[in-house]
>>> print(open('my_file-v9.cif').read())   # mmCIF, C-alpha atoms and all ligand atoms
data_data
#
loop_
_atom_site.group_PDB
_atom_site.id
_atom_site.type_symbol
_atom_site.label_atom_id
_atom_site.label_comp_id
_atom_site.auth_asym_id
_atom_site.auth_seq_id
_atom_site.Cartn_x
_atom_site.Cartn_y
_atom_site.Cartn_z
ATOM 1 C CA MET A 1 -21.896 156.200 -102.743
ATOM 2 C CA THR A 2 -19.558 157.631 -100.170
ATOM 3 C CA VAL A 3 -19.914 157.528 -96.400
ATOM 4 C CA GLN A 4 -20.896 161.193 -96.422
ATOM 5 C CA GLU A 5 -23.572 160.652 -99.060
ATOM 6 C CA LEU A 6 -25.144 157.879 -96.994
ATOM 7 C CA ILE A 7 -25.264 160.214 -93.993
ATOM 8 C CA ASP A 8 -26.690 163.091 -96.032
ATOM 9 C CA GLU A 9 -29.376 160.896 -97.610
ATOM 10 C CA GLY A 10 -30.384 159.373 -94.284
ATOM 11 C CA TYR A 11 -29.356 155.800 -95.119
ATOM 12 C CA THR A 12 -28.483 153.305 -92.465
ATOM 13 C CA LEU A 13 -25.806 150.686 -92.851
ATOM 14 C CA HIS A 14 -25.783 147.308 -91.140
ATOM 15 C CA ALA A 15 -23.019 144.756 -90.986
ATOM 16 C CA GLY A 16 -24.115 141.146 -91.086
ATOM 17 C CA CYS A 17 -21.831 138.300 -90.059
ATOM 18 C CA LYS A 18 -21.902 135.472 -92.606
ATOM 19 C CA GLU A 19 -20.631 132.747 -90.308
ATOM 20 C CA ASN A 20 -23.367 130.116 -89.948
ATOM 21 C CA THR A 21 -22.714 129.833 -86.226
ATOM 22 C CA CYS A 22 -23.162 133.570 -85.703
ATOM 23 C CA LEU A 23 -25.183 135.469 -88.356
ATOM 24 C CA ARG A 24 -25.308 138.497 -86.117
ATOM 25 C CA THR A 25 -26.370 141.799 -87.678
ATOM 26 C CA ARG A 26 -25.620 145.126 -86.118
ATOM 27 C CA PRO A 27 -25.976 148.734 -87.225
ATOM 28 C CA LEU A 28 -22.841 150.595 -88.170
ATOM 29 C CA ASP A 29 -22.205 154.085 -86.867
ATOM 30 C CA LEU A 30 -21.816 156.097 -90.074
ATOM 31 C CA ILE A 31 -20.471 159.123 -88.228
ATOM 32 C CA ALA A 32 -17.771 156.997 -86.608
ATOM 33 C CA LEU A 33 -16.971 155.421 -89.999
ATOM 34 C CA ARG A 34 -16.616 158.850 -91.531
ATOM 35 C CA ASP A 35 -14.282 159.931 -88.747
ATOM 36 C CA ARG A 36 -12.210 156.790 -89.189
ATOM 37 C CA LEU A 37 -12.144 156.398 -92.983
ATOM 38 C CA GLY A 38 -12.948 159.891 -94.256
ATOM 39 C CA PRO A 39 -16.145 161.281 -95.829
ATOM 40 C CA GLU A 40 -15.170 160.254 -99.361
ATOM 41 C CA HIS A 41 -14.655 156.594 -98.528
ATOM 42 C CA GLY A 42 -16.796 154.300 -100.663
ATOM 43 C CA THR A 43 -19.492 152.154 -99.118
ATOM 44 C CA LEU A 44 -19.536 149.308 -101.618
ATOM 45 C CA HIS A 45 -18.837 145.884 -100.223
ATOM 46 C CA HIS A 46 -15.259 145.740 -101.512
ATOM 47 C CA ASN A 47 -14.579 149.211 -100.056
ATOM 48 C CA LEU A 48 -15.899 148.603 -96.589
ATOM 49 C CA ALA A 49 -16.088 144.894 -95.857
ATOM 50 C CA PRO A 50 -12.300 144.489 -95.518
ATOM 51 C CA LYS A 51 -12.368 147.146 -92.766
ATOM 52 C CA LEU A 52 -15.019 145.346 -90.758
ATOM 53 C CA ARG A 53 -14.906 142.500 -88.328
ATOM 54 C CA CYS A 54 -17.749 140.802 -86.515
ATOM 55 C CA SER A 55 -17.713 142.072 -82.946
ATOM 56 C CA THR A 56 -19.297 138.852 -81.701
ATOM 57 C CA CYS A 57 -17.188 136.070 -83.202
ATOM 58 C CA GLY A 58 -14.309 138.062 -84.698
ATOM 59 C CA SER A 59 -14.895 136.769 -88.244
ATOM 60 C CA LYS A 60 -13.954 138.951 -91.172
ATOM 61 C CA ASN A 61 -16.638 137.251 -93.283
ATOM 62 C CA VAL A 62 -18.961 140.225 -92.993
ATOM 63 C CA GLY A 63 -21.623 141.437 -95.420
ATOM 64 C CA LEU A 64 -23.108 144.902 -95.763
ATOM 65 C CA ILE A 65 -26.785 145.820 -95.768
ATOM 66 C CA VAL A 66 -27.656 149.341 -96.892
ATOM 67 C CA SER A 67 -31.139 150.447 -95.872
ATOM 68 C CA PRO A 68 -32.851 153.400 -97.534
ATOM 69 C CA LEU A 69 -34.419 156.306 -95.731
ATOM 70 C CA THR A 70 -36.239 155.649 -92.497
ATOM 71 C CA HIS A 71 -39.990 156.094 -92.615
ATOM 72 C CA GLY A 72 -39.905 159.380 -90.706
ATOM 73 C CA GLU A 73 -37.270 160.733 -93.048
ATOM 74 C CA ILE A 74 -39.418 160.005 -96.129
ATOM 75 C CA ILE A 75 -42.403 161.804 -94.608
ATOM 76 C CA ARG A 76 -40.253 164.802 -93.743
ATOM 77 C CA ARG A 77 -38.863 164.979 -97.281
ATOM 78 C CA GLU A 78 -42.270 164.665 -98.904
ATOM 79 C CA SER A 79 -43.690 167.498 -96.830
ATOM 80 C CA THR A 80 -40.649 169.618 -97.684
ATOM 81 C CA SER A 81 -41.068 169.066 -101.417
ATOM 82 C CA ASN A 82 -44.795 169.837 -101.165
ATOM 83 C CA LEU A 83 -43.945 173.214 -99.727
ATOM 84 C CA ARG A 84 -41.750 174.020 -102.702
ATOM 85 C CA ARG A 85 -44.540 173.490 -105.235
HETATM 86 ZN ZN ZN B 101 -19.945 136.737 -86.183
#
>>> encode(input="my_file-v9.cif", output="structure tokens")
Amino acid sequence: MTVQELIDEGYTLHAGCKENTCLRTRPLDLIALRDRLGPEHGTLHHNLAPKLRCSTCGSKNVGLIVSPLTHGEIIRRESTSNLRR
């Protein structure tokens, strides 16, 4: 998926530091990523991880966690599709 597709589908993206002394996870701002990398930039680990750095310890050993739609978003989409039937 691209950065734009994640935004459109309501996904959230978190970066998780893999250093054992840190392990800090923080949400990534997809809008800011799109502005910086472009809407067509891939969001797979090998696309994005090299661009990221842990803001706490400065490590580049960072993993990505993609979360699906938020609960509210799912409810909104279900009610929308019900209206179409
Ligand atoms: Zn860290």
>>> residues_near_ligand(input="my_file-v9.cif", ligand="ligand ZN 101 (chain B)", cutoff="9 Å", atoms="all atoms listed in the file", output="list of chain:residue names")
A:Gly16, A:Cys17, A:Lys18, A:Glu19, A:Asn20, A:Thr21, A:Cys22, A:Leu23, A:Arg24, A:Thr25, A:Arg53, A:Cys54, A:Ser55, A:Thr56, A:Cys57, A:Gly58, A:Ser59, A:Lys60, A:Asn61, A:Val62
>>> resolve_selection(input="my_file-v9.cif", expression="the PyMOL selection byres (((chain A and resi 30) around 10) and not hetatm)", output="list of chain:residue names")
A:Val3, A:Gln4, A:Leu6, A:Ile7, A:Tyr11, A:Thr12, A:Leu13, A:His14, A:Pro27, A:Leu28, A:Asp29, A:Ile31, A:Ala32, A:Leu33, A:Arg34, A:Asp35, A:Arg36, A:Pro39
>>> residues_around(input="my_file-v9.cif", residues="A:Glu9", least_positions_apart="4", cutoff="10 Å", atoms="all atoms listed in the file", output="list in words")
Gln4, Glu5, Pro68, Leu69 and Glu73 of chain A
>>> atom_distance(input="my_file-v9.cif", atom1="atom CA of A:Ile65", atom2="atom CA of A:Leu37")
18.3 Å
>>> residues_around(input="my_file-v9.cif", residues="A:Gly42", least_positions_apart="4", cutoff="7 Å", atoms="all atoms listed in the file", output="list of chain:residue names")
A:Met1, A:Thr2, A:Val3, A:Asn47
>>> atom_distance(input="my_file-v9.cif", atom1="atom CA of A:Arg26", atom2="atom CA of A:His41")
20.1 Å
>>> closest_residue(input="my_file-v9.cif", among="A:Asp8, A:Pro50, A:Gly38, A:Ala15", to="A:Val66", atoms="all atoms listed in the file")
A:Ala15
